[in-house]
Amino acid sequence: MTPSFKTRRRNGLLSALPLLLPAYAWLTLAIFLPLSAMVYFSLLSDIAPNAPSPSLTIENYATFFSDPLYATLLWRSLVLGLIVTLACLVIGFPAAYVLAKILKGRAREAIFLLVILPFWSNSLVRVFSWSMVLREGGILDTALNAVLPFEVTFDLIYSYPAVVIGLVHSYLPYMVLTCYLTLQAIDDALIEAARSLGASRLSALRRIVLPLAMPGMLAGSALIFIPVVGSFMEPRILGGRNGTLFGTVIEDQFTAVYNWPLGAALSFILLAVVLVILLAAAPVLRRTA
Amino acid sequence: MARVDVKNVSLSFGAYRALNDVSISFADGGFYALLGPSGSGKTTLLRMIAGFEYPDEGSILIGGEAVESVPVDKRRIGMVFQNYAIFPNMSVAENVAFGLRVRGEKGAGVEKAVSDALDLVQLGHLAKRRPHQLSGGQRQRVALARAIVTKPRVLLLDEPLSALDKGLRKDMQIELKRIQREVGVTTIFVTHDQDEALSISDRIGILKDGAIVQEGAPEEIYDRPRSEFAATFLGEANIIEGTAEGGRLTLENGVSIPLPQEAARSSGHLRCAIRPERVHVVPGGLASVNLSQAGTLTGIVRHKLFSGSLSTYSIDCDGRQFQAIVPRTGEDDIRMGSPVEVTWKKEDLIILA
Ligand SMILES: Nc1ncnc2c1ncn2[C@@H]1O[C@H](COP(=O)(O)OP(=O)(O)OP(=O)(O)O)[C@@H](O)[C@H]1O
Ligand SMILES: [Mg+2]
């Protein structure tokens, strides 16, 4: 970068300050303050109803390491995050490609609407409708049996696949949208240039489109991976006993067991692990992007 | 290298007919310019030869074989896009190597070919640069090197110079011509710019509303345009119309002018054109010309446009504006508002269809 560019950018930042201030003030209020409160909570000893005034301790963090169950659950959550993210990528990228590069006009608008429609319905409603669809004697089961000549019992509810299906459905739009935006920004002439130079469709996709769409795919993956690792609603409703994950355990601490300090500590461990993963991935990702 | 034949090709986008029964042939090794106003179908024709669009009717032959069923990547063409379409995720050398790599070529052969191509466009020293570090002219040359390194049968260029400023454009025109001659590839060059078309191409095709209006060598089209459109699109022209009889043309205002030999036998309504630089301006209306050999009109000088070595006069001849380009020899005593006589040799009159 040239020096003149740098000074221009600094001036830009200075003049943008009034515009940025409200956003940062809000972020401070909405994220920093609750987070600080949670840090404080995570360091308290268990607040039993009739306990004397609580004292500060790191016992809650120690709990995570003393019981291997927590690590196992965390691992399960990370694997789930990976599976859901990959599934969203595999389903979402082609959809975004078709939307951005193949469809035009009316058809594009219609399909686009269908993609973002899930955003408009309440997430709880969405998850419960999946539970209707997936259970034995549910919509999918009945429909399949009506069509197929032989008897099948289709009972996915309270299983790991049900959790994956529900989560993929919830988070797919993020992937489609981020990929759509980067694909949209890729000049069609680049693809045509590649084709004119002798690249097949597939080869042009692999050598030109995929590398250029990488930032969108990564952004979408991060947007999905982080919340999925901490998810608890879909695992609880669709997974039942099989949906016990790190996120549901944290939720239990707050809503069922009322062990807020442990819940807070586990949340921070999750946050730290996710941050470490993102930091570790950053150099690799930057190279590909 | 190969010749390209476009035969009776039509293409519609929905209800809009972008190309209408176009037939044109591009000889092996020639340098063709496709010229026409915006929206006339130049890009569409080029994209059709490349294989990005398919004709509704008619056929396209490259090297004598029909290419309808041949996809873009198998047509062995090179294309330079208007915005160059340099791959931003690759260095200059990688961009140029792309066409060879997708064909599965590897090793020293690729490197040699890439550096040869870059030397040809005089960019050998910038091989490692990223595209965003290049100027417009350099990008254009990368695009050209990338297109010719695969030894295409046909080189298609869609207004490759339109983004450049005038000086650079002139340089690039010369360079493009040099490279084309060196490589010998059949080249089809789309442009808006008539001077560009005239100066670098062997042949010109003029398109209008999706149809070829005229096709031929630059001098031929300039000297013998067949329609008012061709005459006014390629250069300036004064249009004269009237009734022909007995080798003379009688204008609306009653003035009679001689017709050239070729139109000696025409009769009835006739449209003609005369190039402004073929017009002589005589001050004071004192021309002593042979009225059977020269056309003469009288008028009043209304405007004068000075452009260095030339002056362009706009002369009002009975309500009709007449343009005359006169070299500035230092003896011009043509004043604004003064009466003048404009004359031309009768052979310089162009008969339009
Ligand atoms: N994909 C398309 N869909 C619909 N109409 C199109 C499409 N491509 C081109 N056209 C129309 O076809 C006509 C010819 O377009 P084309 O791009 O060939 O013009 P052009 O001669 O290259 O013009 P310019 O000099 O402005 O580039 C235009 O009227 C344009 O609107
Ligand atoms: Mg065009």
# chains A, B, ... in the order shown; residues from 1 in each chain; ligands from 1
$ interface_residues --of "chain B" --to "chain A" --cutoff "10 Å" --atoms "only C-alpha atoms" --output "NGL selection string"
:B and (47 or 50-52 or 71-90 or 95-103 or 143 or 146-150 or 152)
$ write_last_selection --atoms "N, CA, C and O atoms" --output "short mmCIF file (atom, residue, chain, number, x, y, z; two decimals), in the first residue's frame"
data_model
loop_
_atom_site.label_atom_id
_atom_site.label_comp_id
_atom_site.auth_asym_id
_atom_site.auth_seq_id
_atom_site.Cartn_x
_atom_site.Cartn_y
_atom_site.Cartn_z
N ARG B 47 -19.90 -12.79 -29.78
CA ARG B 47 -20.17 -13.84 -28.79
C ARG B 47 -20.71 -15.09 -29.46
O ARG B 47 -20.54 -16.20 -28.96
N ALA B 50 -17.78 -16.89 -30.80
CA ALA B 50 -17.07 -17.51 -29.68
C ALA B 50 -17.81 -18.73 -29.15
O ALA B 50 -17.19 -19.66 -28.67
N GLY B 51 -19.14 -18.71 -29.26
CA GLY B 51 -19.92 -19.83 -28.75
C GLY B 51 -20.65 -19.54 -27.45
O GLY B 51 -21.12 -20.46 -26.79
N PHE B 52 -20.76 -18.26 -27.09
CA PHE B 52 -21.53 -17.91 -25.89
C PHE B 52 -23.01 -17.74 -26.21
O PHE B 52 -23.84 -17.75 -25.32
N PRO B 71 -18.81 -26.72 -28.10
CA PRO B 71 -18.90 -25.74 -27.01
C PRO B 71 -17.71 -24.78 -27.03
O PRO B 71 -16.70 -25.04 -27.69
N VAL B 72 -17.87 -23.67 -26.31
CA VAL B 72 -16.86 -22.62 -26.29
C VAL B 72 -15.45 -23.17 -26.10
O VAL B 72 -14.52 -22.82 -26.83
N ASP B 73 -15.30 -24.04 -25.10
CA ASP B 73 -13.95 -24.45 -24.74
C ASP B 73 -13.30 -25.36 -25.77
O ASP B 73 -12.11 -25.64 -25.69
N LYS B 74 -14.08 -25.83 -26.74
CA LYS B 74 -13.50 -26.69 -27.77
C LYS B 74 -13.35 -25.95 -29.11
O LYS B 74 -12.96 -26.54 -30.10
N ARG B 75 -13.69 -24.66 -29.14
CA ARG B 75 -13.65 -23.97 -30.43
C ARG B 75 -12.27 -23.44 -30.80
O ARG B 75 -12.04 -22.99 -31.90
N ARG B 76 -11.38 -23.44 -29.83
CA ARG B 76 -10.02 -22.94 -30.04
C ARG B 76 -10.03 -21.50 -30.56
O ARG B 76 -9.50 -21.18 -31.60
N ILE B 77 -10.70 -20.65 -29.79
CA ILE B 77 -10.71 -19.24 -30.10
C ILE B 77 -10.02 -18.50 -28.95
O ILE B 77 -9.85 -19.04 -27.87
N GLY B 78 -9.60 -17.29 -29.23
CA GLY B 78 -9.06 -16.46 -28.16
C GLY B 78 -9.94 -15.24 -28.07
O GLY B 78 -10.38 -14.73 -29.10
N MET B 79 -10.24 -14.79 -26.86
CA MET B 79 -11.13 -13.65 -26.76
C MET B 79 -10.56 -12.63 -25.79
O MET B 79 -10.06 -12.98 -24.72
N VAL B 80 -10.64 -11.37 -26.17
CA VAL B 80 -10.25 -10.30 -25.25
C VAL B 80 -11.51 -9.50 -24.95
O VAL B 80 -12.16 -9.00 -25.86
N PHE B 81 -11.85 -9.43 -23.67
CA PHE B 81 -13.10 -8.80 -23.27
C PHE B 81 -12.90 -7.30 -23.07
O PHE B 81 -11.79 -6.84 -22.84
N GLN B 82 -14.03 -6.61 -23.12
CA GLN B 82 -13.97 -5.16 -23.01
C GLN B 82 -13.32 -4.72 -21.69
O GLN B 82 -12.55 -3.78 -21.66
N ASN B 83 -13.64 -5.43 -20.61
CA ASN B 83 -13.03 -5.06 -19.32
C ASN B 83 -11.84 -5.96 -19.00
O ASN B 83 -11.41 -6.04 -17.86
N TYR B 84 -11.35 -6.66 -20.00
CA TYR B 84 -10.15 -7.52 -19.95
C TYR B 84 -10.36 -8.83 -19.20
O TYR B 84 -9.74 -9.82 -19.54
N ALA B 85 -11.20 -8.82 -18.14
CA ALA B 85 -11.48 -10.07 -17.42
C ALA B 85 -10.21 -10.80 -17.02
O ALA B 85 -10.08 -12.01 -17.22
N ILE B 86 -9.27 -10.07 -16.45
CA ILE B 86 -8.06 -10.71 -15.92
C ILE B 86 -8.45 -11.43 -14.62
O ILE B 86 -9.16 -10.86 -13.80
N PHE B 87 -7.99 -12.66 -14.44
CA PHE B 87 -8.33 -13.39 -13.22
C PHE B 87 -7.65 -12.74 -12.02
O PHE B 87 -6.42 -12.73 -11.94
N PRO B 88 -8.42 -12.21 -11.08
CA PRO B 88 -7.80 -11.45 -9.99
C PRO B 88 -7.05 -12.33 -8.99
O PRO B 88 -6.24 -11.84 -8.23
N ASN B 89 -7.35 -13.63 -9.02
CA ASN B 89 -6.71 -14.51 -8.05
C ASN B 89 -5.40 -15.11 -8.57
O ASN B 89 -4.86 -16.01 -7.97
N MET B 90 -4.91 -14.58 -9.68
CA MET B 90 -3.68 -15.14 -10.25
C MET B 90 -2.73 -14.02 -10.65
O MET B 90 -3.17 -12.91 -10.96
N ASN B 95 -2.09 -15.96 -15.16
CA ASN B 95 -3.18 -15.63 -16.07
C ASN B 95 -2.86 -16.13 -17.47
O ASN B 95 -3.69 -16.76 -18.13
N VAL B 96 -1.64 -15.82 -17.92
CA VAL B 96 -1.27 -16.18 -19.28
C VAL B 96 -1.17 -17.70 -19.42
O VAL B 96 -1.53 -18.27 -20.44
N ALA B 97 -0.74 -18.35 -18.34
CA ALA B 97 -0.56 -19.81 -18.40
C ALA B 97 -1.89 -20.56 -18.34
O ALA B 97 -1.95 -21.74 -18.67
N PHE B 98 -2.96 -19.86 -17.93
CA PHE B 98 -4.24 -20.53 -17.66
C PHE B 98 -4.69 -21.45 -18.81
O PHE B 98 -5.00 -22.62 -18.62
N GLY B 99 -4.69 -20.88 -20.02
CA GLY B 99 -5.19 -21.63 -21.16
C GLY B 99 -4.38 -22.89 -21.45
O GLY B 99 -4.92 -23.87 -21.96
N LEU B 100 -3.09 -22.85 -21.11
CA LEU B 100 -2.26 -24.03 -21.32
C LEU B 100 -2.49 -25.04 -20.22
O LEU B 100 -2.57 -26.24 -20.45
N ARG B 101 -2.63 -24.54 -19.00
CA ARG B 101 -2.82 -25.45 -17.85
C ARG B 101 -4.13 -26.22 -17.96
O ARG B 101 -4.17 -27.41 -17.65
N VAL B 102 -5.22 -25.54 -18.36
CA VAL B 102 -6.48 -26.27 -18.45
C VAL B 102 -6.44 -27.33 -19.54
O VAL B 102 -7.24 -28.25 -19.54
N ARG B 103 -5.48 -27.19 -20.45
CA ARG B 103 -5.31 -28.24 -21.46
C ARG B 103 -4.40 -29.34 -20.96
O ARG B 103 -4.03 -30.24 -21.70
N ALA B 143 -4.32 -9.48 -21.23
CA ALA B 143 -5.48 -10.17 -21.81
C ALA B 143 -5.13 -10.68 -23.21
O ALA B 143 -5.51 -11.80 -23.60
N ARG B 146 -2.71 -13.61 -22.94
CA ARG B 146 -3.43 -14.77 -22.46
C ARG B 146 -4.25 -15.42 -23.59
O ARG B 146 -4.37 -16.64 -23.66
N ALA B 147 -4.78 -14.56 -24.46
CA ALA B 147 -5.61 -15.09 -25.54
C ALA B 147 -4.78 -15.73 -26.65
O ALA B 147 -5.21 -16.70 -27.25
N ILE B 148 -3.58 -15.21 -26.90
CA ILE B 148 -2.83 -15.75 -28.05
C ILE B 148 -1.89 -16.88 -27.68
O ILE B 148 -1.44 -17.61 -28.55
N VAL B 149 -1.63 -17.07 -26.38
CA VAL B 149 -0.66 -18.08 -25.98
C VAL B 149 -1.15 -19.48 -26.34
O VAL B 149 -0.35 -20.39 -26.56
N THR B 150 -2.48 -19.64 -26.44
CA THR B 150 -3.01 -20.97 -26.76
C THR B 150 -3.06 -21.22 -28.26
O THR B 150 -3.61 -22.23 -28.68
N PRO B 152 -4.81 -19.68 -30.77
CA PRO B 152 -6.20 -19.85 -31.20
C PRO B 152 -6.30 -19.75 -32.72
O PRO B 152 -5.43 -19.20 -33.39
#
$ residues_near_ligand --ligand "ligand 2" --cutoff "7 Å" --atoms "only C-alpha atoms and all ligand atoms" --output "mmCIF file with N, CA and C atoms, in the first residue's frame"
data_model
loop_
_atom_site.group_PDB
_atom_site.id
_atom_site.type_symbol
_atom_site.label_atom_id
_atom_site.label_comp_id
_atom_site.auth_asym_id
_atom_site.auth_seq_id
_atom_site.Cartn_x
_atom_site.Cartn_y
_atom_site.Cartn_z
ATOM 1 N N SER B 38 -24.060 1.845 -30.970
ATOM 2 C CA SER B 38 -24.383 1.069 -29.781
ATOM 3 C C SER B 38 -25.681 0.286 -29.991
ATOM 4 N N GLY B 39 -25.665 -0.972 -29.615
ATOM 5 C CA GLY B 39 -26.863 -1.797 -29.726
ATOM 6 C C GLY B 39 -27.083 -2.383 -31.105
ATOM 7 N N LYS B 42 -22.946 -5.873 -32.466
ATOM 8 C CA LYS B 42 -21.534 -6.237 -32.646
ATOM 9 C C LYS B 42 -21.098 -7.290 -31.637
ATOM 10 N N THR B 43 -21.362 -6.994 -30.368
ATOM 11 C CA THR B 43 -20.967 -7.932 -29.318
ATOM 12 C C THR B 43 -21.684 -9.258 -29.497
ATOM 13 N N ASP B 158 -13.390 -7.524 -28.207
ATOM 14 C CA ASP B 158 -14.582 -6.691 -28.033
ATOM 15 C C ASP B 158 -14.211 -5.342 -27.436
#
$ residues_near_ligand --ligand "ligand 1" --cutoff "10 Å" --atoms "only C-alpha atoms and all ligand atoms" --output "compact mmCIF listing (two decimals) with N, CA and C atoms, in the first residue's frame"
# COMPACT_ATOMS: atom_id res chain seq x y z
N LEU B 11 -30.66 -14.08 -34.61
CA LEU B 11 -30.80 -14.37 -33.18
C LEU B 11 -31.75 -13.37 -32.55
N SER B 12 -32.70 -13.88 -31.77
CA SER B 12 -33.62 -13.00 -31.05
C SER B 12 -33.44 -13.18 -29.57
N PHE B 13 -33.50 -12.06 -28.84
CA PHE B 13 -33.61 -12.12 -27.38
C PHE B 13 -35.07 -11.83 -27.08
N GLY B 14 -35.84 -12.84 -26.77
CA GLY B 14 -37.27 -12.63 -26.60
C GLY B 14 -37.85 -12.13 -27.91
N ALA B 15 -38.51 -10.99 -27.84
CA ALA B 15 -39.14 -10.47 -29.05
C ALA B 15 -38.16 -9.62 -29.86
N TYR B 16 -37.01 -9.30 -29.24
CA TYR B 16 -36.09 -8.39 -29.91
C TYR B 16 -35.12 -9.15 -30.81
N ARG B 17 -35.07 -8.74 -32.08
CA ARG B 17 -34.22 -9.42 -33.04
C ARG B 17 -32.86 -8.73 -33.06
N ALA B 18 -31.89 -9.33 -32.38
CA ALA B 18 -30.59 -8.68 -32.22
C ALA B 18 -29.72 -8.85 -33.47
N LEU B 19 -29.88 -9.98 -34.17
CA LEU B 19 -29.16 -10.18 -35.43
C LEU B 19 -30.17 -10.67 -36.46
N LEU B 34 -15.42 -4.81 -36.84
CA LEU B 34 -16.88 -4.73 -36.89
C LEU B 34 -17.25 -3.40 -36.27
N LEU B 35 -17.91 -2.57 -37.07
CA LEU B 35 -18.18 -1.21 -36.64
C LEU B 35 -19.68 -1.00 -36.65
N GLY B 36 -20.16 -0.24 -35.69
CA GLY B 36 -21.59 0.03 -35.69
C GLY B 36 -21.97 0.80 -34.44
N PRO B 37 -23.13 1.44 -34.48
CA PRO B 37 -23.55 2.20 -33.29
C PRO B 37 -23.89 1.26 -32.13
N SER B 38 -24.06 1.85 -30.97
CA SER B 38 -24.38 1.07 -29.78
C SER B 38 -25.68 0.29 -29.99
N GLY B 39 -25.67 -0.97 -29.61
CA GLY B 39 -26.86 -1.80 -29.73
C GLY B 39 -27.08 -2.38 -31.11
N SER B 40 -26.09 -2.26 -31.98
CA SER B 40 -26.29 -2.75 -33.35
C SER B 40 -26.02 -4.25 -33.47
N GLY B 41 -25.53 -4.88 -32.41
CA GLY B 41 -25.33 -6.33 -32.45
C GLY B 41 -23.90 -6.78 -32.63
N LYS B 42 -22.95 -5.87 -32.47
CA LYS B 42 -21.53 -6.24 -32.65
C LYS B 42 -21.10 -7.29 -31.64
N THR B 43 -21.36 -6.99 -30.37
CA THR B 43 -20.97 -7.93 -29.32
C THR B 43 -21.68 -9.26 -29.50
N THR B 44 -22.94 -9.19 -29.85
CA THR B 44 -23.73 -10.41 -30.02
C THR B 44 -23.12 -11.29 -31.12
N LEU B 45 -22.71 -10.67 -32.22
CA LEU B 45 -22.12 -11.43 -33.32
C LEU B 45 -20.80 -12.08 -32.87
N LEU B 46 -20.02 -11.30 -32.14
CA LEU B 46 -18.74 -11.81 -31.65
C LEU B 46 -18.94 -12.97 -30.67
N ARG B 47 -19.90 -12.79 -29.78
CA ARG B 47 -20.17 -13.84 -28.79
C ARG B 47 -20.71 -15.09 -29.46
N MET B 48 -21.35 -14.91 -30.58
CA MET B 48 -21.88 -16.06 -31.29
C MET B 48 -20.75 -16.84 -31.95
N GLU B 53 -23.31 -17.50 -27.48
CA GLU B 53 -24.71 -17.43 -27.91
C GLU B 53 -24.85 -18.39 -29.09
N GLN B 82 -14.03 -6.61 -23.12
CA GLN B 82 -13.97 -5.16 -23.01
C GLN B 82 -13.32 -4.72 -21.69
N ASP B 158 -13.39 -7.52 -28.21
CA ASP B 158 -14.58 -6.69 -28.03
C ASP B 158 -14.21 -5.34 -27.44
N GLU B 159 -14.10 -4.36 -28.27
CA GLU B 159 -13.73 -3.00 -27.86
C GLU B 159 -12.59 -3.00 -26.85
N VAL B 190 -14.10 -5.62 -32.56
CA VAL B 190 -15.30 -4.81 -32.46
C VAL B 190 -14.95 -3.42 -31.97
N THR B 191 -15.47 -2.42 -32.61
CA THR B 191 -15.19 -1.07 -32.13
C THR B 191 -16.32 -0.11 -32.44
N HIS B 192 -16.36 0.92 -31.64
CA HIS B 192 -17.27 2.04 -31.83
C HIS B 192 -16.64 3.11 -32.70
N ASP B 193 -15.30 3.03 -32.69
CA ASP B 193 -14.49 4.17 -33.09
C ASP B 193 -14.12 4.06 -34.57
N LEU B 207 -22.29 -2.64 -39.09
CA LEU B 207 -23.54 -3.22 -38.61
C LEU B 207 -24.51 -2.12 -38.24
N LYS B 208 -25.78 -2.39 -38.54
CA LYS B 208 -26.82 -1.46 -38.09
C LYS B 208 -28.07 -2.28 -37.79
N ASP B 209 -28.64 -2.08 -36.63
CA ASP B 209 -29.86 -2.81 -36.24
C ASP B 209 -29.78 -4.31 -36.53
N GLY B 210 -28.64 -4.90 -36.21
CA GLY B 210 -28.51 -6.35 -36.35
C GLY B 210 -28.31 -6.84 -37.76
$ residues_around --residues "Glu215 of chain B" --least-positions-apart "6" --cutoff "12 Å" --atoms "only C-alpha atoms" --output "NGL selection string"
:B and (22-26 or 32-36 or 202-208 or 221-222 or 224-227 or 230 or 234)
$ select_by_dssp --residues "segment 65-225 of chain B" --states "strand (DSSP E)" --output "list in words"
Glu65, Ala66, Ile77, Gly78, Met79, Val80, Val154, Leu155, Leu156, Leu157, Asp158, Thr186, Thr187, Ile188, Phe189, Val190, Thr191, Arg203, Ile204, Gly205, Ile206, Leu207, Lys208, Ala211, Ile212, Val213, Gln214, Glu215 and Gly216 of chain B
$ residues_around --residues "Thr243 of chain B" --least-positions-apart "3" --cutoff "9 Å" --atoms "only C-alpha atoms" --output "ChimeraX atom specification"
/B:248-252,267-271
$ write_last_selection --atoms "N, CA, C and O atoms" --output "mmCIF file, in the first residue's frame"
data_model
loop_
_atom_site.group_PDB
_atom_site.id
_atom_site.type_symbol
_atom_site.label_atom_id
_atom_site.label_comp_id
_atom_site.auth_asym_id
_atom_site.auth_seq_id
_atom_site.Cartn_x
_atom_site.Cartn_y
_atom_site.Cartn_z
ATOM 1 N N ARG B 248 -27.473 14.966 -65.216
ATOM 2 C CA ARG B 248 -27.432 16.079 -64.260
ATOM 3 C C ARG B 248 -28.480 15.860 -63.177
ATOM 4 O O ARG B 248 -29.466 15.155 -63.368
ATOM 5 N N LEU B 249 -28.210 16.487 -62.016
ATOM 6 C CA LEU B 249 -29.124 16.356 -60.884
ATOM 7 C C LEU B 249 -29.699 17.733 -60.582
ATOM 8 O O LEU B 249 -28.955 18.696 -60.378
ATOM 9 N N THR B 250 -31.026 17.806 -60.560
ATOM 10 C CA THR B 250 -31.656 19.083 -60.245
ATOM 11 C C THR B 250 -32.116 19.068 -58.790
ATOM 12 O O THR B 250 -32.893 18.204 -58.387
ATOM 13 N N LEU B 251 -31.589 20.009 -58.014
ATOM 14 C CA LEU B 251 -31.902 20.052 -56.583
ATOM 15 C C LEU B 251 -33.231 20.757 -56.348
ATOM 16 O O LEU B 251 -33.819 21.351 -57.252
ATOM 17 N N GLU B 252 -33.683 20.717 -55.082
ATOM 18 C CA GLU B 252 -34.957 21.337 -54.735
ATOM 19 C C GLU B 252 -34.983 22.824 -55.076
ATOM 20 O O GLU B 252 -36.004 23.365 -55.483
ATOM 21 N N SER B 267 -32.180 8.140 -63.690
ATOM 22 C CA SER B 267 -33.212 9.164 -63.730
ATOM 23 C C SER B 267 -34.105 8.967 -62.517
ATOM 24 O O SER B 267 -34.088 7.925 -61.878
ATOM 25 N N GLY B 268 -34.839 9.999 -62.185
ATOM 26 C CA GLY B 268 -35.704 9.942 -61.012
ATOM 27 C C GLY B 268 -34.977 10.437 -59.778
ATOM 28 O O GLY B 268 -33.893 11.020 -59.855
ATOM 29 N N HIS B 269 -35.590 10.176 -58.617
ATOM 30 C CA HIS B 269 -35.050 10.688 -57.354
ATOM 31 C C HIS B 269 -33.719 10.012 -57.012
ATOM 32 O O HIS B 269 -33.566 8.808 -57.155
ATOM 33 N N LEU B 270 -32.759 10.800 -56.569
ATOM 34 C CA LEU B 270 -31.423 10.275 -56.305
ATOM 35 C C LEU B 270 -30.831 10.948 -55.074
ATOM 36 O O LEU B 270 -31.004 12.149 -54.861
ATOM 37 N N ARG B 271 -30.166 10.145 -54.262
ATOM 38 C CA ARG B 271 -29.448 10.697 -53.099
ATOM 39 C C ARG B 271 -27.960 10.539 -53.331
ATOM 40 O O ARG B 271 -27.497 9.489 -53.762
#
$ atom_distance --atom1 "atom CA of Tyr258 of chain A" --atom2 "atom CA of Ser231 of chain A"
18.8 Å
